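Quick look at coords28.cif (mmCIF, C-alpha atoms (C1' of nucleotides)):
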data_protein
loop_
_atom_site.label_atom_id
_atom_site.label_comp_id
_atom_site.auth_asym_id
_atom_site.auth_seq_id
_atom_site.Cartn_x
_atom_site.Cartn_y
_atom_site.Cartn_z
CA MET A 1 -17.19 -2.40 28.84
CA PRO A 2 -20.22 -2.19 26.56
CA LYS A 3 -20.41 -5.19 24.27
CA THR A 4 -21.70 -3.33 21.29
CA ASN A 5 -21.45 -3.93 17.68
CA SER A 6 -18.60 -6.20 17.05
CA ASP A 7 -18.13 -7.19 13.47
CA GLN A 8 -21.79 -7.48 12.66
CA LEU A 9 -21.37 -7.00 9.00
CA HIS A 10 -18.00 -8.42 8.28
CA GLY A 11 -17.74 -8.92 4.57
CA THR A 12 -21.03 -7.38 3.64
CA LEU A 13 -20.28 -3.71 4.10
CA ASP A 14 -18.91 -3.14 0.62
CA MET A 15 -21.87 -4.83 -0.97
CA LEU A 16 -24.34 -2.86 1.12
CA VAL A 17 -22.72 0.44 0.30
CA LEU A 18 -22.58 -0.35 -3.40
CA LYS A 19 -26.24 -1.27 -3.22
CA THR A 20 -27.28 2.05 -1.70
CA LEU A 21 -25.56 3.79 -4.58
CA GLN A 22 -27.35 1.78 -7.22
CA ASN A 23 -30.03 4.39 -7.81
CA GLY A 24 -27.85 7.45 -7.76
CA ARG A 25 -25.20 9.31 -5.87
CA LEU A 26 -25.14 9.81 -2.11
CA HIS A 27 -22.69 11.23 0.37
CA GLY A 28 -21.14 9.17 3.15
CA TYR A 29 -23.34 10.19 5.99
CA ALA A 30 -26.44 9.68 3.90
CA ILE A 31 -25.28 6.17 3.02
CA ALA A 32 -25.06 5.31 6.71
CA VAL A 33 -28.52 6.70 7.40
CA ARG A 34 -29.97 4.95 4.40
CA LEU A 35 -28.54 1.60 5.40
CA GLU A 36 -29.97 1.86 8.88
CA GLN A 37 -33.36 2.80 7.52
CA LEU A 38 -33.47 0.08 4.89
CA SER A 39 -32.51 -2.53 7.46
CA ASN A 40 -35.05 -1.32 10.04
CA GLU A 41 -32.29 -0.10 12.34
CA VAL A 42 -30.70 -3.54 12.49
CA LEU A 43 -27.53 -2.50 10.68
CA LYS A 44 -25.63 0.26 12.46
CA VAL A 45 -22.79 1.48 10.29
CA GLU A 46 -19.89 2.94 12.23
CA GLU A 47 -18.32 5.96 10.62
CA GLY A 48 -14.91 4.54 11.37
CA SER A 49 -15.86 1.60 9.18
CA LEU A 50 -17.75 3.46 6.51
CA TYR A 51 -15.32 6.15 5.46
CA PRO A 52 -12.32 3.87 5.14
CA ALA A 53 -14.52 1.51 3.14
CA LEU A 54 -15.43 4.33 0.78
CA TYR A 55 -11.75 5.21 0.29
CA ARG A 56 -10.90 1.57 -0.34
CA MET A 57 -13.61 1.17 -2.90
CA GLU A 58 -12.74 4.37 -4.68
CA ALA A 59 -9.10 3.28 -4.77
CA ARG A 60 -10.22 0.04 -6.37
CA GLY A 61 -12.18 1.90 -8.98
CA TRP A 62 -15.64 0.86 -7.82
CA LEU A 63 -16.66 4.39 -6.87
CA SER A 64 -15.95 7.91 -7.96
CA SER A 65 -16.53 10.95 -5.84
CA GLU A 66 -16.68 14.71 -5.78
CA TRP A 67 -17.47 17.47 -3.35
CA GLY A 68 -20.91 18.96 -3.49
CA MET A 69 -23.73 20.45 -1.49
CA THR A 70 -26.61 18.70 0.24
CA GLU A 71 -30.18 19.98 -0.08
CA THR A 72 -29.61 21.71 3.24
CA ALA A 73 -26.58 23.55 1.89
CA ARG A 74 -23.94 21.50 3.64
CA ARG A 75 -20.64 20.54 2.15
CA ALA A 76 -20.39 16.80 1.55
CA ARG A 77 -18.53 14.30 -0.57
CA PHE A 78 -20.77 12.48 -3.01
CA TYR A 79 -20.06 8.98 -4.25
CA LYS A 80 -21.39 7.22 -7.26
CA LEU A 81 -20.93 3.79 -8.78
CA THR A 82 -18.53 3.31 -11.64
CA ARG A 83 -19.11 0.67 -14.25
CA GLU A 84 -16.72 -1.57 -12.35
CA GLY A 85 -18.57 -0.85 -9.15
CA ARG A 86 -21.77 -2.00 -10.75
CA ALA A 87 -20.11 -5.22 -11.83
CA GLN A 88 -18.68 -5.66 -8.37
CA LEU A 89 -22.10 -5.26 -6.82
CA GLY A 90 -23.41 -7.97 -9.08
CA ALA A 91 -20.56 -10.31 -8.26
CA GLU A 92 -20.77 -9.75 -4.52
CA THR A 93 -24.51 -10.18 -4.46
CA GLN A 94 -24.26 -13.43 -6.32
CA SER A 95 -21.51 -14.69 -4.06
CA TRP A 96 -23.43 -13.63 -0.96
CA THR A 97 -26.52 -15.46 -2.12
CA ARG A 98 -24.53 -18.57 -2.79
CA LEU A 99 -22.79 -18.41 0.58
CA THR A 100 -25.87 -17.77 2.67
CA ALA A 101 -27.66 -20.57 0.87
CA ALA A 102 -24.81 -22.88 1.79
CA VAL A 103 -24.85 -21.76 5.41
CA GLN A 104 -28.60 -22.12 5.51
CA SER A 105 -28.29 -25.61 4.16
CA VAL A 106 -25.96 -26.51 7.01
CA LEU A 107 -28.18 -24.88 9.61
CA SER A 108 -31.21 -26.81 8.52
CA SER A 109 -29.47 -30.15 8.47
CA MET B 1 -1.08 -14.79 -7.01
CA PRO B 2 -4.10 -17.06 -6.83
CA LYS B 3 -7.09 -15.20 -5.48
CA THR B 4 -8.65 -18.15 -3.73
CA ASN B 5 -10.78 -18.42 -0.74
CA SER B 6 -10.48 -15.19 1.06
CA ASP B 7 -12.59 -14.88 4.12
CA GLN B 8 -15.58 -16.68 2.74
CA LEU B 9 -17.02 -17.54 6.06
CA HIS B 10 -15.93 -14.70 8.23
CA GLY B 11 -18.03 -14.75 11.35
CA THR B 12 -19.93 -17.90 10.53
CA LEU B 13 -17.30 -20.52 11.18
CA ASP B 14 -17.99 -20.89 14.89
CA MET B 15 -21.69 -21.28 14.29
CA LEU B 16 -21.18 -23.84 11.57
CA VAL B 17 -18.82 -25.92 13.67
CA LEU B 18 -21.16 -25.82 16.64
CA LYS B 19 -23.94 -26.91 14.36
CA THR B 20 -22.09 -29.97 13.09
CA LEU B 21 -21.62 -31.06 16.69
CA GLN B 22 -25.26 -30.74 17.56
CA ASN B 23 -26.00 -34.42 17.00
CA GLY B 24 -22.95 -35.86 18.66
CA ARG B 25 -19.18 -35.71 18.86
CA LEU B 26 -16.87 -35.44 15.90
CA HIS B 27 -13.17 -34.93 15.41
CA GLY B 28 -11.71 -31.93 13.65
CA TYR B 29 -11.05 -33.43 10.28
CA ALA B 30 -14.52 -34.97 10.23
CA ILE B 31 -16.05 -31.58 10.98
CA ALA B 32 -14.35 -30.12 7.94
CA VAL B 33 -15.51 -32.95 5.72
CA ARG B 34 -19.04 -32.76 7.09
CA LEU B 35 -19.29 -29.03 6.49
CA GLU B 36 -18.22 -29.39 2.90
CA GLN B 37 -20.70 -32.16 2.33
CA LEU B 38 -23.60 -30.39 3.98
CA SER B 39 -22.93 -27.28 1.95
CA ASN B 40 -22.60 -29.14 -1.33
CA GLU B 41 -18.90 -28.34 -1.53
CA VAL B 42 -19.53 -24.62 -1.36
CA LEU B 43 -17.89 -24.14 2.03
CA LYS B 44 -14.24 -25.19 2.07
CA VAL B 45 -12.91 -25.10 5.59
CA GLU B 46 -9.18 -24.50 5.80
CA GLU B 47 -7.45 -26.51 8.47
CA GLY B 48 -5.54 -23.41 9.51
CA SER B 49 -8.88 -21.82 10.29
CA LEU B 50 -10.63 -24.81 11.76
CA TYR B 51 -8.19 -26.01 14.40
CA PRO B 52 -7.55 -22.59 15.92
CA ALA B 53 -11.32 -22.09 15.97
CA LEU B 54 -11.72 -25.34 17.89
CA TYR B 55 -9.10 -24.30 20.43
CA ARG B 56 -10.75 -20.91 20.85
CA MET B 57 -14.15 -22.39 21.39
CA GLU B 58 -12.90 -24.94 23.86
CA ALA B 59 -11.11 -22.17 25.75
CA ARG B 60 -14.40 -20.30 25.91
CA GLY B 61 -16.16 -23.29 27.28
CA TRP B 62 -18.34 -24.02 24.27
CA LEU B 63 -16.68 -27.33 23.52
CA SER B 64 -14.99 -30.10 25.40
CA SER B 65 -12.63 -32.61 23.83
CA GLU B 66 -10.74 -35.81 24.36
CA TRP B 67 -8.50 -38.09 22.38
CA GLY B 68 -10.04 -41.16 20.86
CA MET B 69 -10.01 -43.51 17.91
CA THR B 70 -11.84 -43.24 14.62
CA GLU B 71 -13.68 -46.22 13.11
CA THR B 72 -10.59 -46.76 11.00
CA ALA B 73 -8.38 -46.95 14.10
CA ARG B 74 -6.77 -43.56 13.78
CA ARG B 75 -5.92 -41.30 16.66
CA ALA B 76 -8.08 -38.18 16.66
CA ARG B 77 -9.34 -35.51 19.01
CA PHE B 78 -13.10 -35.59 19.46
CA TYR B 79 -15.11 -32.52 20.29
CA LYS B 80 -18.56 -32.23 21.72
CA LEU B 81 -20.86 -29.37 22.66
CA THR B 82 -21.07 -28.21 26.24
CA ARG B 83 -24.26 -26.75 27.63
CA GLU B 84 -22.79 -23.31 26.99
CA GLY B 85 -21.91 -24.31 23.46
CA ARG B 86 -25.47 -25.28 22.84
CA ALA B 87 -26.63 -21.90 24.10
CA GLN B 88 -24.03 -20.20 21.96
CA LEU B 89 -25.23 -22.03 18.89
CA GLY B 90 -28.75 -20.81 19.58
CA ALA B 91 -27.63 -17.24 20.07
CA GLU B 92 -25.45 -17.18 16.96
CA THR B 93 -28.11 -18.76 14.81
CA GLN B 94 -30.65 -16.22 15.94
CA SER B 95 -28.27 -13.34 15.35
CA TRP B 96 -27.30 -14.69 11.94
CA THR B 97 -30.93 -14.99 10.91
CA ARG B 98 -31.60 -11.45 12.00
CA LEU B 99 -28.55 -10.11 10.21
CA THR B 100 -29.11 -11.88 6.93
CA ALA B 101 -32.72 -10.79 6.96
CA ALA B 102 -31.55 -7.20 7.35
CA VAL B 103 -29.04 -7.56 4.55
CA GLN B 104 -31.64 -9.19 2.37
CA SER B 105 -33.97 -6.33 3.04
CA VAL B 106 -31.34 -3.88 1.80
CA LEU B 107 -30.56 -5.98 -1.25
CA SER B 108 -34.17 -6.11 -2.32
CA SER B 109 -34.77 -2.40 -1.95
"C1'" DA C 1 -25.97 35.18 22.95
"C1'" DT C 2 -24.73 30.68 24.07
"C1'" DC C 3 -25.25 25.87 24.13
"C1'" DT C 4 -26.60 21.67 22.40
"C1'" DG C 5 -27.44 18.27 19.03
"C1'" DA C 6 -27.34 16.86 14.46
"C1'" DT C 7 -24.89 16.85 10.14
"C1'" DA C 8 -20.63 15.59 7.85
"C1'" DC C 9 -16.09 14.11 7.60
"C1'" DC C 10 -11.43 12.30 9.16
"C1'" DT C 11 -7.93 8.99 11.13
"C1'" DA C 12 -4.75 6.40 14.36
"C1'" DG C 13 -4.55 2.28 16.70
"C1'" DG C 14 -6.11 -2.06 18.35
"C1'" DT C 15 -8.67 -6.44 17.96
"C1'" DG C 16 -9.93 -10.60 16.03
"C1'" DT C 17 -10.74 -14.11 12.25
"C1'" DT C 18 -9.33 -16.17 8.58
"C1'" DC C 19 -6.01 -17.70 5.31
"C1'" DT C 20 -1.38 -19.17 3.68
"C1'" DA C 21 2.01 -22.25 4.00
"C1'" DA C 22 4.68 -24.73 6.28
"C1'" DG C 23 5.39 -28.95 9.11
"C1'" DT C 24 4.75 -33.85 11.77
"C1'" DC C 25 3.04 -38.61 12.19
"C1'" DT C 26 0.36 -42.68 10.93
"C1'" DT C 27 -2.09 -45.86 8.06
"C1'" DA C 28 -3.70 -47.79 3.54
"C1'" DG C 29 -2.83 -48.98 -0.88
"C1'" DT C 30 0.23 -49.97 -4.85
"C1'" DA D 1 9.31 -48.88 -0.83
"C1'" DC D 2 6.54 -45.11 -2.13
"C1'" DT D 3 2.69 -42.36 -2.24
"C1'" DA D 4 -1.71 -40.54 -0.93
"C1'" DA D 5 -4.89 -39.62 2.41
"C1'" DG D 6 -6.17 -39.02 7.22
"C1'" DA D 7 -5.40 -36.13 11.22
"C1'" DC D 8 -3.34 -32.58 13.70
"C1'" DT D 9 -0.22 -28.33 14.57
"C1'" DT D 10 1.46 -23.64 14.27
"C1'" DA D 11 3.66 -19.17 12.85
"C1'" DG D 12 2.85 -15.32 10.18
"C1'" DA D 13 0.43 -12.09 7.33
"C1'" DA D 14 -3.66 -9.96 5.52
"C1'" DC D 15 -7.68 -7.57 6.09
"C1'" DA D 16 -11.92 -5.57 7.73
"C1'" DC D 17 -14.01 -3.68 11.33
"C1'" DC D 18 -14.42 -1.12 15.56
"C1'" DT D 19 -13.10 2.23 19.22
"C1'" DA D 20 -12.42 6.58 20.23
"C1'" DG D 21 -11.03 10.31 19.56
"C1'" DG D 22 -10.88 14.68 16.57
"C1'" DT D 23 -12.60 18.91 13.29
"C1'" DA D 24 -16.18 22.06 11.42
"C1'" DT D 25 -20.77 23.88 10.33
"C1'" DC D 26 -25.59 24.84 11.05
"C1'" DA D 27 -30.33 24.85 13.33
"C1'" DG D 28 -32.90 25.33 17.17
"C1'" DA D 29 -33.52 25.97 22.04
"C1'" DT D 30 -32.59 28.37 26.35
#
Could I get this file's structure written as structure tokens?
Amino acid sequence: MPKTNSDQLHGTLDMLVLKTLQNGRLHGYAIAVRLEQLSNEVLKVEEGSLYPALYRMEARGWLSSEWGMTETARRARFYKLTREGRAQLGAETQSWTRLTAAVQSVLSS
Amino acid sequence: MPKTNSDQLHGTLDMLVLKTLQNGRLHGYAIAVRLEQLSNEVLKVEEGSLYPALYRMEARGWLSSEWGMTETARRARFYKLTREGRAQLGAETQSWTRLTAAVQSVLSS
DNA sequence: ATCTGATACCTAGGTGTTCTAAGTCTTAGT
DNA sequence: ACTAAGACTTAGAACACCTAGGTATCAGAT
């Protein structure tokens, strides 16, 4: 019974994914790798969390996607931010900042 | 369909409650009030979230409780940290710091 | 030539927290 | 007598995330 990963990033996954797409399109697997790199291996993104999140966000109009090829000639589905996705990223970032500030203010009381 | 409060504090509620009990015992309602004050009204703790959280944490041995009277002579259930609860608070705080740092590092990339 | 590991995606099912939305009872104030 | 606030309770639903499998392709090693 390995106590692994449970719910590390509840609530932040969408924001993190949107953020990785801010500078251009990426495919799912690359998003996961990117997030782990950018967080110095602290954030491990489970594929069973990531892909459903991508579908959710595309369904909500925050992302659009299409099949393409990686540099290494592999088939992959590329995602990019829509205008709404960009707005959503802004909103979630702002809300996250506000929330963590509030939590921090409790913790340092 | 009022889009209100949804899951603001997912994952942080336990830590926040433990924190409010660090300096002595409080009853449930007072914990909610305290958290809202300390966070400058940013964190609204729903009673339907708070009380089940208290029961959970007591069941896990992080809290102990007993009935008592408030200063205004009202019946209320007072909670206090156990030794394990204190350890849990430390662990969760550390993990939260680590996580938010990682998220921050992604956001500022 | 085969095997392994990495790349890339998919999905069913379970877990766990939180919220919604009721409700009860008591006391204070009007 | 009525109302609002204090204090607690609980059932149910929503939702995100994880577990744990699965598929397929390609590169490199044995």
Exercise for the section: Run the PyMOL selection byres ((chain C) within 10 of (chain A)) mentally over the shown coordinates, then write out the matched residues as a VMD selection string, using the chain letters and numbers from the document. Expected result: chain C and resid 7 to 11 15 to 16
Deliver the residues from the most recent selection as a file, using C-alpha atoms (C1' of nucleotides), as a PDB file, in the coordinates of the input.
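Result went into out.pdb, see below:
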ATOM      1  C1'  DT C   7     -24.890  16.850  10.140  1.00  0.00           C
ATOM      2  C1'  DA C   8     -20.630  15.590   7.850  1.00  0.00           C
ATOM      3  C1'  DC C   9     -16.090  14.110   7.600  1.00  0.00           C
ATOM      4  C1'  DC C  10     -11.430  12.300   9.160  1.00  0.00           C
ATOM      5  C1'  DT C  11      -7.930   8.990  11.130  1.00  0.00           C
ATOM      6  C1'  DT C  15      -8.670  -6.440  17.960  1.00  0.00           C
ATOM      7  C1'  DG C  16      -9.930 -10.600  16.030  1.00  0.00           C
TER       8       DG C  16
END
When the PyMOL selection byres ((chain A) within 12 of (chain B)) is applied to the file above, which residues end up in the set, as a ChimeraX atom specification? /A:5-23,31,34-44,89-90,92-109
Excluding DG13 in chain C and its own-chain neighbours fewer than 3 positions away, which residues fall within 12 Å of it when counting all atoms listed in the file? Please give them as a list in words. Gly48 of chain A; DC18, DT19, DA20 and DG21 of chain D
With C-alpha atoms (C1' of nucleotides) retained, export the selected residues as a compact mmCIF listing (two decimals), in the frame of the given file.
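Output saved as part01.txt:
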# COMPACT_ATOMS: atom_id res chain seq x y z
CA GLY A 48 -14.91 4.54 11.37
C1' DC D 18 -14.42 -1.12 15.56
C1' DT D 19 -13.10 2.23 19.22
C1' DA D 20 -12.42 6.58 20.23
C1' DG D 21 -11.03 10.31 19.56
Hits from the PyMOL selection byres ((chain D) within 9 of (chain B)), listed as a PyMOL selection string: chain D and resi 6-10
To one decimal place in Å, what is the distance between CA of Gly68 in chain A and CA of Lys80 in chain A?
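Taking CA of Gly68 in chain A as the start and CA of Lys80 in chain A as the end point, the length is 12.3 Å.
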Would you kindly return, as a ChimeraX atom specification, each protein, DNA or RNA residue with an atom no farther than 12 Å from any atom of DT2 in chain C, considering only C-alpha atoms (C1' of nucleotides) and excluding same-chain residues fewer than 6 positions away?
/D:28-30
Quick one: range 77-88 of chain A with all heavy atoms, as a compact mmCIF listing (two decimals), in the coordinates of the input?
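The resulting file, rebuild-v1.txt, is shown below:
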# COMPACT_ATOMS: atom_id res chain seq x y z
N ARG A 77 -19.17 15.00 0.53
CA ARG A 77 -18.53 14.30 -0.57
C ARG A 77 -19.47 13.24 -1.12
O ARG A 77 -19.85 12.31 -0.43
CB ARG A 77 -17.22 13.66 -0.10
CG ARG A 77 -16.42 13.05 -1.22
CD ARG A 77 -14.91 13.06 -0.98
NE ARG A 77 -14.22 12.88 -2.25
CZ ARG A 77 -13.58 13.84 -2.89
NH1 ARG A 77 -13.50 15.04 -2.36
NH2 ARG A 77 -13.02 13.60 -4.06
N PHE A 78 -19.81 13.39 -2.39
CA PHE A 78 -20.77 12.48 -3.01
C PHE A 78 -20.08 11.36 -3.76
O PHE A 78 -19.13 11.59 -4.50
CB PHE A 78 -21.69 13.26 -3.96
CG PHE A 78 -22.68 14.12 -3.23
CD1 PHE A 78 -22.32 15.37 -2.76
CD2 PHE A 78 -23.98 13.68 -3.01
CE1 PHE A 78 -23.23 16.17 -2.08
CE2 PHE A 78 -24.90 14.46 -2.34
CZ PHE A 78 -24.52 15.70 -1.87
N TYR A 79 -20.62 10.16 -3.59
CA TYR A 79 -20.06 8.98 -4.25
C TYR A 79 -21.06 8.43 -5.24
O TYR A 79 -22.26 8.45 -5.00
CB TYR A 79 -19.73 7.91 -3.21
CG TYR A 79 -18.57 8.29 -2.32
CD1 TYR A 79 -18.77 9.05 -1.18
CD2 TYR A 79 -17.27 7.92 -2.65
CE1 TYR A 79 -17.70 9.42 -0.36
CE2 TYR A 79 -16.20 8.29 -1.85
CZ TYR A 79 -16.42 9.04 -0.72
OH TYR A 79 -15.36 9.42 0.08
N LYS A 80 -20.52 7.94 -6.34
CA LYS A 80 -21.39 7.22 -7.26
C LYS A 80 -20.68 5.97 -7.81
O LYS A 80 -19.46 5.89 -7.82
CB LYS A 80 -21.86 8.13 -8.39
CG LYS A 80 -20.82 8.54 -9.39
CD LYS A 80 -21.56 9.11 -10.63
CE LYS A 80 -20.65 9.22 -11.83
NZ LYS A 80 -20.17 10.59 -12.06
N LEU A 81 -21.47 5.04 -8.23
CA LEU A 81 -20.93 3.79 -8.78
C LEU A 81 -20.25 4.03 -10.11
O LEU A 81 -20.75 4.77 -10.94
CB LEU A 81 -22.07 2.79 -9.02
CG LEU A 81 -22.66 2.04 -7.85
CD1 LEU A 81 -23.67 1.02 -8.35
CD2 LEU A 81 -21.56 1.35 -7.07
N THR A 82 -19.11 3.36 -10.30
CA THR A 82 -18.53 3.31 -11.64
C THR A 82 -19.07 2.05 -12.32
O THR A 82 -19.79 1.26 -11.71
CB THR A 82 -17.00 3.18 -11.54
OG1 THR A 82 -16.69 1.96 -10.87
CG2 THR A 82 -16.40 4.34 -10.79
N ARG A 83 -18.71 1.88 -13.55
CA ARG A 83 -19.11 0.67 -14.25
C ARG A 83 -18.58 -0.56 -13.52
O ARG A 83 -19.29 -1.53 -13.29
CB ARG A 83 -18.61 0.69 -15.70
CG ARG A 83 -19.31 -0.32 -16.59
CD ARG A 83 -18.95 -0.17 -18.07
NE ARG A 83 -18.19 1.03 -18.38
CZ ARG A 83 -16.86 1.05 -18.56
NH1 ARG A 83 -16.15 -0.05 -18.47
NH2 ARG A 83 -16.25 2.19 -18.86
N GLU A 84 -17.31 -0.47 -13.11
CA GLU A 84 -16.72 -1.57 -12.35
C GLU A 84 -17.43 -1.80 -11.03
O GLU A 84 -17.54 -2.94 -10.56
CB GLU A 84 -15.24 -1.28 -12.08
CG GLU A 84 -14.38 -1.37 -13.33
CD GLU A 84 -12.94 -0.92 -13.05
OE1 GLU A 84 -12.50 -1.04 -11.89
OE2 GLU A 84 -12.27 -0.46 -13.99
N GLY A 85 -17.87 -0.72 -10.42
CA GLY A 85 -18.57 -0.85 -9.15
C GLY A 85 -19.88 -1.60 -9.33
O GLY A 85 -20.28 -2.41 -8.49
N ARG A 86 -20.52 -1.32 -10.44
CA ARG A 86 -21.77 -2.00 -10.75
C ARG A 86 -21.53 -3.50 -10.95
O ARG A 86 -22.29 -4.34 -10.44
CB ARG A 86 -22.37 -1.39 -12.02
CG ARG A 86 -23.85 -1.31 -12.07
CD ARG A 86 -24.32 -0.38 -13.18
NE ARG A 86 -24.34 1.02 -12.76
CZ ARG A 86 -25.35 1.57 -12.07
NH1 ARG A 86 -26.40 0.85 -11.75
NH2 ARG A 86 -25.31 2.83 -11.71
N ALA A 87 -20.47 -3.81 -11.63
CA ALA A 87 -20.11 -5.22 -11.83
C ALA A 87 -19.79 -5.88 -10.49
O ALA A 87 -20.19 -7.01 -10.21
CB ALA A 87 -18.92 -5.33 -12.78
N GLN A 88 -19.05 -5.14 -9.68
CA GLN A 88 -18.68 -5.66 -8.37
C GLN A 88 -19.91 -5.94 -7.51
O GLN A 88 -19.99 -6.97 -6.83
CB GLN A 88 -17.77 -4.64 -7.66
CG GLN A 88 -17.25 -5.10 -6.32
CD GLN A 88 -16.34 -6.31 -6.42
OE1 GLN A 88 -15.77 -6.57 -7.48
NE2 GLN A 88 -16.21 -7.04 -5.33
